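Novice: Structure in structure tokens, see below.
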Amino acid sequence: MIALVWLRYFIFCSNKGPCLEFSQLSLKDSFRDLFNPKMEISLMLYTRNNPTCAESLFEKNDSLNVNFNTRKKAVWLIHGYRPLGSTPSWLQNFVRILLNQDDMNIIVVDWNRGATTFLYIRAVKNTRKVAVSLSRYIQNLLVSLEFYGFYMLYNKWWLYNTTKW
């Protein structure tokens, strides 16, 4: 049973392991939310290296995913209210079109568990929670990029100073 649940949420990616999938919720989840509201946010990264296999933006140790290219722009796709819990029909098309247009980092924000409710006002309140969480994720991302920039600067300095001889 555990393996079935695990397989339900992941598709295998040929090069790195399981792909993240957008939360698959339903009408039942909208009913459950009336009595037991929950909130979950997942940041899914797509690049030209993984155009159909989403990966987590941050690794388990909070480091930036190796497929995130710091020299490329980042585009954030964020869905809205999802009363029936379905995956937004436009999502994969947007990812495909954007990656065909330019080599970039696409970050899909899945907050379906929080947007799936019959109570629109609850979803509106949850957008504030999403905003607070995203600001923390973005701060984390900027710290990772600062470290990366410092690391690259240090390596250039070290390379320059060791090859002067």
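Scheme for the structure tokens: letters A, B, ... for chains in order shown; per-chain residue numbers from 1; ligand numbers from 1 in order shown.
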I'd like the contact shell of Leu91 in chain A - 10 Å cut-off, only C-alpha atoms, skipping same-chain residues fewer than 6 positions apart - returned as a list in words.

Specialist: Phe22, Leu77, Ile78, His79 and Val108 of chain A

Novice: Keeping C-alpha atoms for every residue in the selection just given, could you write it to a file as a PDB file, in the first residue's frame?

Specialist:
```
ATOM      1  CA  PHE A  22       1.184  18.733  -9.329  1.00  0.00           C
ATOM      2  CA  LEU A  77       3.945  30.278 -12.482  1.00  0.00           C
ATOM      3  CA  ILE A  78       1.351  30.503  -9.722  1.00  0.00           C
ATOM      4  CA  HIS A  79      -2.195  29.175 -10.078  1.00  0.00           C
ATOM      5  CA  VAL A 108       5.706  26.248 -10.658  1.00  0.00           C
TER       6      VAL A 108
END
```

Novice: What's around Phe118 in chain A at 12 Å? Count only C-alpha atoms, leave out sequence neighbours fewer than 5 positions away in its own chain, and write the answer as a short mmCIF file (atom, residue, chain, number, x, y, z; two decimals) with all heavy atoms, in the first residue's frame.

Specialist:
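The result, stored in part08.cif:
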```cif
data_model
loop_
_atom_site.label_atom_id
_atom_site.label_comp_id
_atom_site.auth_asym_id
_atom_site.auth_seq_id
_atom_site.Cartn_x
_atom_site.Cartn_y
_atom_site.Cartn_z
N SER A 26 -9.38 16.53 -5.48
CA SER A 26 -10.71 16.33 -6.08
C SER A 26 -11.78 17.07 -5.28
O SER A 26 -11.48 17.76 -4.31
CB SER A 26 -11.04 14.84 -6.13
OG SER A 26 -11.22 14.36 -4.80
N LEU A 27 -13.00 16.86 -5.69
CA LEU A 27 -14.15 17.43 -5.01
C LEU A 27 -14.18 17.01 -3.53
O LEU A 27 -14.54 17.81 -2.66
CB LEU A 27 -15.43 16.96 -5.72
CG LEU A 27 -16.73 17.66 -5.41
CD1 LEU A 27 -16.64 19.13 -5.75
CD2 LEU A 27 -17.86 17.01 -6.20
N LYS A 28 -13.77 15.78 -3.25
CA LYS A 28 -13.72 15.30 -1.86
C LYS A 28 -12.82 16.18 -1.01
O LYS A 28 -13.11 16.45 0.16
CB LYS A 28 -13.20 13.87 -1.81
CG LYS A 28 -14.15 12.82 -2.27
CD LYS A 28 -13.53 11.46 -2.01
CE LYS A 28 -13.81 10.54 -3.17
NZ LYS A 28 -13.18 9.25 -3.02
N ASP A 29 -11.71 16.63 -1.60
CA ASP A 29 -10.79 17.48 -0.85
C ASP A 29 -11.40 18.84 -0.54
O ASP A 29 -11.11 19.42 0.50
CB ASP A 29 -9.48 17.64 -1.63
CG ASP A 29 -8.74 16.32 -1.75
OD1 ASP A 29 -8.25 15.82 -0.72
OD2 ASP A 29 -8.69 15.78 -2.87
N SER A 30 -12.25 19.34 -1.43
CA SER A 30 -12.96 20.59 -1.14
C SER A 30 -13.91 20.42 0.04
O SER A 30 -14.03 21.31 0.88
CB SER A 30 -13.76 21.05 -2.38
OG SER A 30 -12.89 21.46 -3.39
N PHE A 31 -14.57 19.25 0.13
CA PHE A 31 -15.43 18.96 1.28
C PHE A 31 -14.59 18.82 2.56
O PHE A 31 -14.95 19.36 3.60
CB PHE A 31 -16.23 17.67 1.05
CG PHE A 31 -17.45 17.87 0.20
CD1 PHE A 31 -17.52 17.27 -1.05
CD2 PHE A 31 -18.53 18.64 0.62
CE1 PHE A 31 -18.64 17.44 -1.86
CE2 PHE A 31 -19.65 18.82 -0.17
CZ PHE A 31 -19.70 18.22 -1.42
N ARG A 32 -13.50 18.08 2.47
CA ARG A 32 -12.62 17.90 3.64
C ARG A 32 -12.13 19.24 4.17
O ARG A 32 -11.99 19.43 5.37
CB ARG A 32 -11.43 17.02 3.29
CG ARG A 32 -11.77 15.57 3.21
CD ARG A 32 -10.49 14.74 3.01
NE ARG A 32 -10.88 13.43 2.56
CZ ARG A 32 -10.48 12.86 1.43
NH1 ARG A 32 -9.62 13.46 0.64
NH2 ARG A 32 -10.91 11.66 1.09
N ASP A 33 -11.84 20.15 3.25
CA ASP A 33 -11.32 21.46 3.64
C ASP A 33 -12.32 22.25 4.50
O ASP A 33 -11.92 23.08 5.30
CB ASP A 33 -10.95 22.28 2.40
CG ASP A 33 -10.40 23.63 2.78
OD1 ASP A 33 -9.23 23.70 3.21
OD2 ASP A 33 -11.17 24.62 2.68
N LEU A 34 -13.61 21.97 4.36
CA LEU A 34 -14.61 22.66 5.17
C LEU A 34 -14.40 22.40 6.66
O LEU A 34 -14.65 23.27 7.49
CB LEU A 34 -16.02 22.21 4.77
CG LEU A 34 -16.48 22.60 3.38
CD1 LEU A 34 -17.82 21.94 3.06
CD2 LEU A 34 -16.59 24.11 3.25
N PHE A 35 -13.91 21.19 7.00
CA PHE A 35 -13.77 20.79 8.40
C PHE A 35 -12.33 20.66 8.85
O PHE A 35 -12.04 20.73 10.05
CB PHE A 35 -14.51 19.46 8.62
CG PHE A 35 -15.93 19.52 8.16
CD1 PHE A 35 -16.31 18.94 6.97
CD2 PHE A 35 -16.89 20.20 8.90
CE1 PHE A 35 -17.62 19.01 6.51
CE2 PHE A 35 -18.21 20.28 8.46
CZ PHE A 35 -18.58 19.68 7.26
N PRO A 37 -9.06 22.23 7.28
CA PRO A 37 -8.27 22.95 6.27
C PRO A 37 -6.78 22.65 6.40
O PRO A 37 -6.25 22.55 7.51
CB PRO A 37 -8.56 24.42 6.55
CG PRO A 37 -9.10 24.47 7.93
CD PRO A 37 -9.68 23.13 8.24
N TYR A 81 -7.36 30.06 -7.36
CA TYR A 81 -8.43 29.29 -6.71
C TYR A 81 -8.76 28.04 -7.52
O TYR A 81 -8.95 28.10 -8.72
CB TYR A 81 -9.65 30.21 -6.59
CG TYR A 81 -10.89 29.61 -5.99
CD1 TYR A 81 -10.87 29.00 -4.75
CD2 TYR A 81 -12.11 29.71 -6.66
CE1 TYR A 81 -12.03 28.48 -4.20
CE2 TYR A 81 -13.28 29.21 -6.11
CZ TYR A 81 -13.22 28.59 -4.88
OH TYR A 81 -14.38 28.08 -4.33
N ARG A 82 -8.83 26.88 -6.85
CA ARG A 82 -9.09 25.60 -7.50
C ARG A 82 -10.22 24.88 -6.77
O ARG A 82 -9.98 23.94 -6.01
CB ARG A 82 -7.86 24.69 -7.48
CG ARG A 82 -6.55 25.29 -7.91
CD ARG A 82 -6.40 25.62 -9.37
NE ARG A 82 -6.85 24.58 -10.24
CZ ARG A 82 -7.33 24.84 -11.45
NH1 ARG A 82 -7.42 26.06 -11.88
NH2 ARG A 82 -7.71 23.87 -12.22
N PRO A 83 -11.48 25.27 -6.92
CA PRO A 83 -12.57 24.69 -6.14
C PRO A 83 -12.73 23.18 -6.31
O PRO A 83 -13.18 22.50 -5.40
CB PRO A 83 -13.82 25.44 -6.62
CG PRO A 83 -13.46 25.99 -7.95
CD PRO A 83 -11.98 26.24 -7.90
N LEU A 84 -12.33 22.65 -7.47
CA LEU A 84 -12.46 21.20 -7.70
C LEU A 84 -11.15 20.45 -7.52
O LEU A 84 -11.10 19.23 -7.65
CB LEU A 84 -13.03 20.94 -9.10
CG LEU A 84 -14.38 21.61 -9.37
CD1 LEU A 84 -14.82 21.31 -10.80
CD2 LEU A 84 -15.42 21.16 -8.37
N GLY A 85 -10.07 21.15 -7.26
CA GLY A 85 -8.79 20.50 -6.99
C GLY A 85 -8.04 20.00 -8.20
O GLY A 85 -7.00 19.38 -8.06
N ALA A 123 -9.58 30.54 0.47
CA ALA A 123 -8.51 30.53 -0.53
C ALA A 123 -7.83 31.90 -0.62
O ALA A 123 -6.61 31.99 -0.74
CB ALA A 123 -9.06 30.12 -1.90
N VAL A 124 -8.63 32.96 -0.53
CA VAL A 124 -8.07 34.32 -0.55
C VAL A 124 -7.14 34.51 0.64
O VAL A 124 -6.03 35.04 0.50
CB VAL A 124 -9.20 35.38 -0.55
CG1 VAL A 124 -8.64 36.77 -0.30
CG2 VAL A 124 -9.97 35.33 -1.86
#
```

Novice: Nearest to Trp76 in chain A among A:Ile106, A:Cys19, A:Leu141, A:Leu45, with distances taken over only C-alpha atoms: which residue is it?

Specialist: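 Looking at the shortest contact to Trp76 in chain A, the residue is A:Ile106.
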
Novice: Enumerate the residues of range 91-146 of chain A with a DSSP assignment of helix (DSSP H, G or I), computed from the backbone, and present them as a PyMOL selection string.

Specialist: chain A and resi 91-101+112-115+120-146

Novice: Step one, run DSSP on the backbone; step two, keep only residues of range 21-163 of chain A assigned to strand (DSSP E or B); then write them as JSON, numbers by chain.

Specialist: {"A": [42, 43, 44, 45, 46, 54, 55, 56, 58, 64, 74, 75, 76, 77, 78, 105, 106, 107, 108, 109, 110]}

Novice: Can those selected residues be exported to a file as a compact mmCIF listing (two decimals), in the first residue's frame so that it contains N, CA and C atoms?

Specialist:
```
# COMPACT_ATOMS: atom_id res chain seq x y z
N SER A 42 4.51 23.51 -2.77
CA SER A 42 5.61 22.79 -3.41
C SER A 42 6.14 23.66 -4.54
N LEU A 43 7.46 23.79 -4.61
CA LEU A 43 8.10 24.55 -5.68
C LEU A 43 8.72 23.57 -6.66
N MET A 44 8.18 23.55 -7.87
CA MET A 44 8.59 22.57 -8.87
C MET A 44 9.39 23.28 -9.96
N LEU A 45 10.60 22.80 -10.22
CA LEU A 45 11.49 23.41 -11.19
C LEU A 45 11.46 22.67 -12.52
N TYR A 46 11.29 23.44 -13.59
CA TYR A 46 11.40 22.93 -14.96
C TYR A 46 12.48 23.74 -15.67
N ALA A 54 9.34 17.55 -13.51
CA ALA A 54 9.56 18.57 -12.47
C ALA A 54 10.43 18.02 -11.35
N GLU A 55 11.30 18.88 -10.85
CA GLU A 55 12.14 18.55 -9.70
C GLU A 55 11.94 19.63 -8.65
N SER A 56 12.25 19.32 -7.43
CA SER A 56 12.13 20.29 -6.35
C SER A 56 13.16 21.40 -6.56
N PHE A 58 14.54 23.21 -4.30
CA PHE A 58 15.57 23.04 -3.29
C PHE A 58 15.75 21.56 -2.98
N LEU A 64 20.29 24.67 -3.54
CA LEU A 64 19.58 24.90 -4.79
C LEU A 64 19.74 23.70 -5.72
N ALA A 74 14.46 33.53 -14.18
CA ALA A 74 13.52 32.64 -13.50
C ALA A 74 12.11 33.19 -13.69
N VAL A 75 11.20 32.32 -14.11
CA VAL A 75 9.79 32.67 -14.28
C VAL A 75 8.99 31.86 -13.28
N TRP A 76 8.12 32.53 -12.55
CA TRP A 76 7.29 31.88 -11.55
C TRP A 76 5.88 31.74 -12.09
N LEU A 77 5.33 30.52 -12.09
CA LEU A 77 3.94 30.28 -12.48
C LEU A 77 3.16 29.91 -11.23
N ILE A 78 2.14 30.71 -10.94
CA ILE A 78 1.35 30.50 -9.72
C ILE A 78 -0.12 30.43 -10.12
N ASN A 105 14.70 29.16 -16.17
CA ASN A 105 14.24 28.38 -15.03
C ASN A 105 12.76 28.70 -14.84
N ILE A 106 11.92 27.68 -14.83
CA ILE A 106 10.50 27.88 -14.57
C ILE A 106 10.17 27.23 -13.24
N ILE A 107 9.62 28.02 -12.35
CA ILE A 107 9.26 27.53 -11.02
C ILE A 107 7.74 27.55 -10.92
N VAL A 108 7.15 26.38 -10.82
CA VAL A 108 5.71 26.25 -10.66
C VAL A 108 5.42 26.16 -9.17
N VAL A 109 4.56 27.05 -8.70
CA VAL A 109 4.17 27.06 -7.28
C VAL A 109 2.87 26.28 -7.16
N ASP A 110 2.96 25.11 -6.54
CA ASP A 110 1.79 24.28 -6.32
C ASP A 110 1.30 24.50 -4.89
```

Novice: Could you pull the residues within 10 Å of Ser133 in chain A, counting only C-alpha atoms, minus those fewer than 6 positions along the same chain, as a PDB file with N, CA, C and O atoms, in the first residue's frame?

Specialist:
```
ATOM      1  N   ILE A  41       2.719  23.805   0.199  1.00  0.00           N
ATOM      2  CA  ILE A  41       3.293  24.493  -0.951  1.00  0.00           C
ATOM      3  C   ILE A  41       4.467  23.669  -1.465  1.00  0.00           C
ATOM      4  O   ILE A  41       5.292  23.201  -0.685  1.00  0.00           O
ATOM      5  N   THR A 127      -3.861  32.868   0.140  1.00  0.00           N
ATOM      6  CA  THR A 127      -2.896  33.520  -0.752  1.00  0.00           C
ATOM      7  C   THR A 127      -1.895  34.342   0.048  1.00  0.00           C
ATOM      8  O   THR A 127      -0.732  34.441  -0.348  1.00  0.00           O
ATOM      9  N   GLN A 139      13.976  34.555  -0.416  1.00  0.00           N
ATOM     10  CA  GLN A 139      15.133  34.939   0.397  1.00  0.00           C
ATOM     11  C   GLN A 139      16.153  33.811   0.430  1.00  0.00           C
ATOM     12  O   GLN A 139      17.359  34.045   0.311  1.00  0.00           O
TER      13      GLN A 139
END
```

Novice: Using only C-alpha atoms, pick whichever of A:Asp102, A:Leu142, A:Arg113, A:Leu25 has the shortest atom-to-atom distance to Glu40 in chain A.

Specialist: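 Of the candidates, the smallest distance to Glu40 in chain A is held by A:Arg113.
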
Novice: Could you tell me how far CA of Ser144 in chain A lies from CA of Ser63 in chain A, in Å and to one decimal?

Specialist: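 Result for CA of Ser144 in chain A versus CA of Ser63 in chain A: 7.0 Å, one decimal.
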
Novice: So which residues touch Asn126 in chain A within 8 Å, counting only C-alpha atoms, skipping near sequence neighbours fewer than 3 positions away, as a PDB file with N, CA, C and O atoms, in the first residue's frame?

Specialist:
```pdb
ATOM      1  N   MET A  39      -2.759  23.335   4.354  1.00  0.00           N
ATOM      2  CA  MET A  39      -2.006  24.175   3.423  1.00  0.00           C
ATOM      3  C   MET A  39      -0.664  23.507   3.147  1.00  0.00           C
ATOM      4  O   MET A  39       0.037  23.132   4.084  1.00  0.00           O
ATOM      5  N   GLY A 114      -4.829  24.176  -0.312  1.00  0.00           N
ATOM      6  CA  GLY A 114      -4.949  25.533   0.207  1.00  0.00           C
ATOM      7  C   GLY A 114      -5.822  26.339  -0.748  1.00  0.00           C
ATOM      8  O   GLY A 114      -6.543  27.239  -0.330  1.00  0.00           O
ATOM      9  N   ALA A 115      -5.759  25.997  -2.029  1.00  0.00           N
ATOM     10  CA  ALA A 115      -6.596  26.641  -3.044  1.00  0.00           C
ATOM     11  C   ALA A 115      -7.845  25.818  -3.320  1.00  0.00           C
ATOM     12  O   ALA A 115      -8.806  26.323  -3.890  1.00  0.00           O
ATOM     13  N   ARG A 122     -11.565  31.590   2.113  1.00  0.00           N
ATOM     14  CA  ARG A 122     -10.463  30.836   2.710  1.00  0.00           C
ATOM     15  C   ARG A 122      -9.283  30.777   1.734  1.00  0.00           C
ATOM     16  O   ARG A 122      -8.131  30.944   2.131  1.00  0.00           O
ATOM     17  N   ALA A 123      -9.575  30.545   0.470  1.00  0.00           N
ATOM     18  CA  ALA A 123      -8.510  30.530  -0.534  1.00  0.00           C
ATOM     19  C   ALA A 123      -7.834  31.901  -0.617  1.00  0.00           C
ATOM     20  O   ALA A 123      -6.608  31.986  -0.737  1.00  0.00           O
ATOM     21  N   LYS A 129      -0.790  33.507   3.016  1.00  0.00           N
ATOM     22  CA  LYS A 129       0.158  32.518   3.543  1.00  0.00           C
ATOM     23  C   LYS A 129       1.145  32.094   2.459  1.00  0.00           C
ATOM     24  O   LYS A 129       2.329  31.912   2.721  1.00  0.00           O
ATOM     25  N   VAL A 130       0.647  31.937   1.246  1.00  0.00           N
ATOM     26  CA  VAL A 130       1.512  31.587   0.119  1.00  0.00           C
ATOM     27  C   VAL A 130       2.536  32.691  -0.104  1.00  0.00           C
ATOM     28  O   VAL A 130       3.728  32.425  -0.292  1.00  0.00           O
TER      29      VAL A 130
END
```

Novice: Report, in Å to a single decimal, how far apart CA of Ile97 in chain A and CA of Asn140 in chain A are.

Specialist: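 Computing it gives 27.7 Å between the two atoms.
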
Novice: Which of these, A:Leu134, A:Pro18, A:Leu145, A:Arg71, has the shortest distance to Met104 in chain A once you count only C-alpha atoms?

Specialist: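 Residue with the minimum atom-to-atom distance to Met104 in chain A: A:Arg71.
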
Novice: Go ahead and compute the interatomic distance for CA of Thr87 in chain A and CA of Gln24 in chain A, in Å to one decimal.

Specialist: 6.7 Å
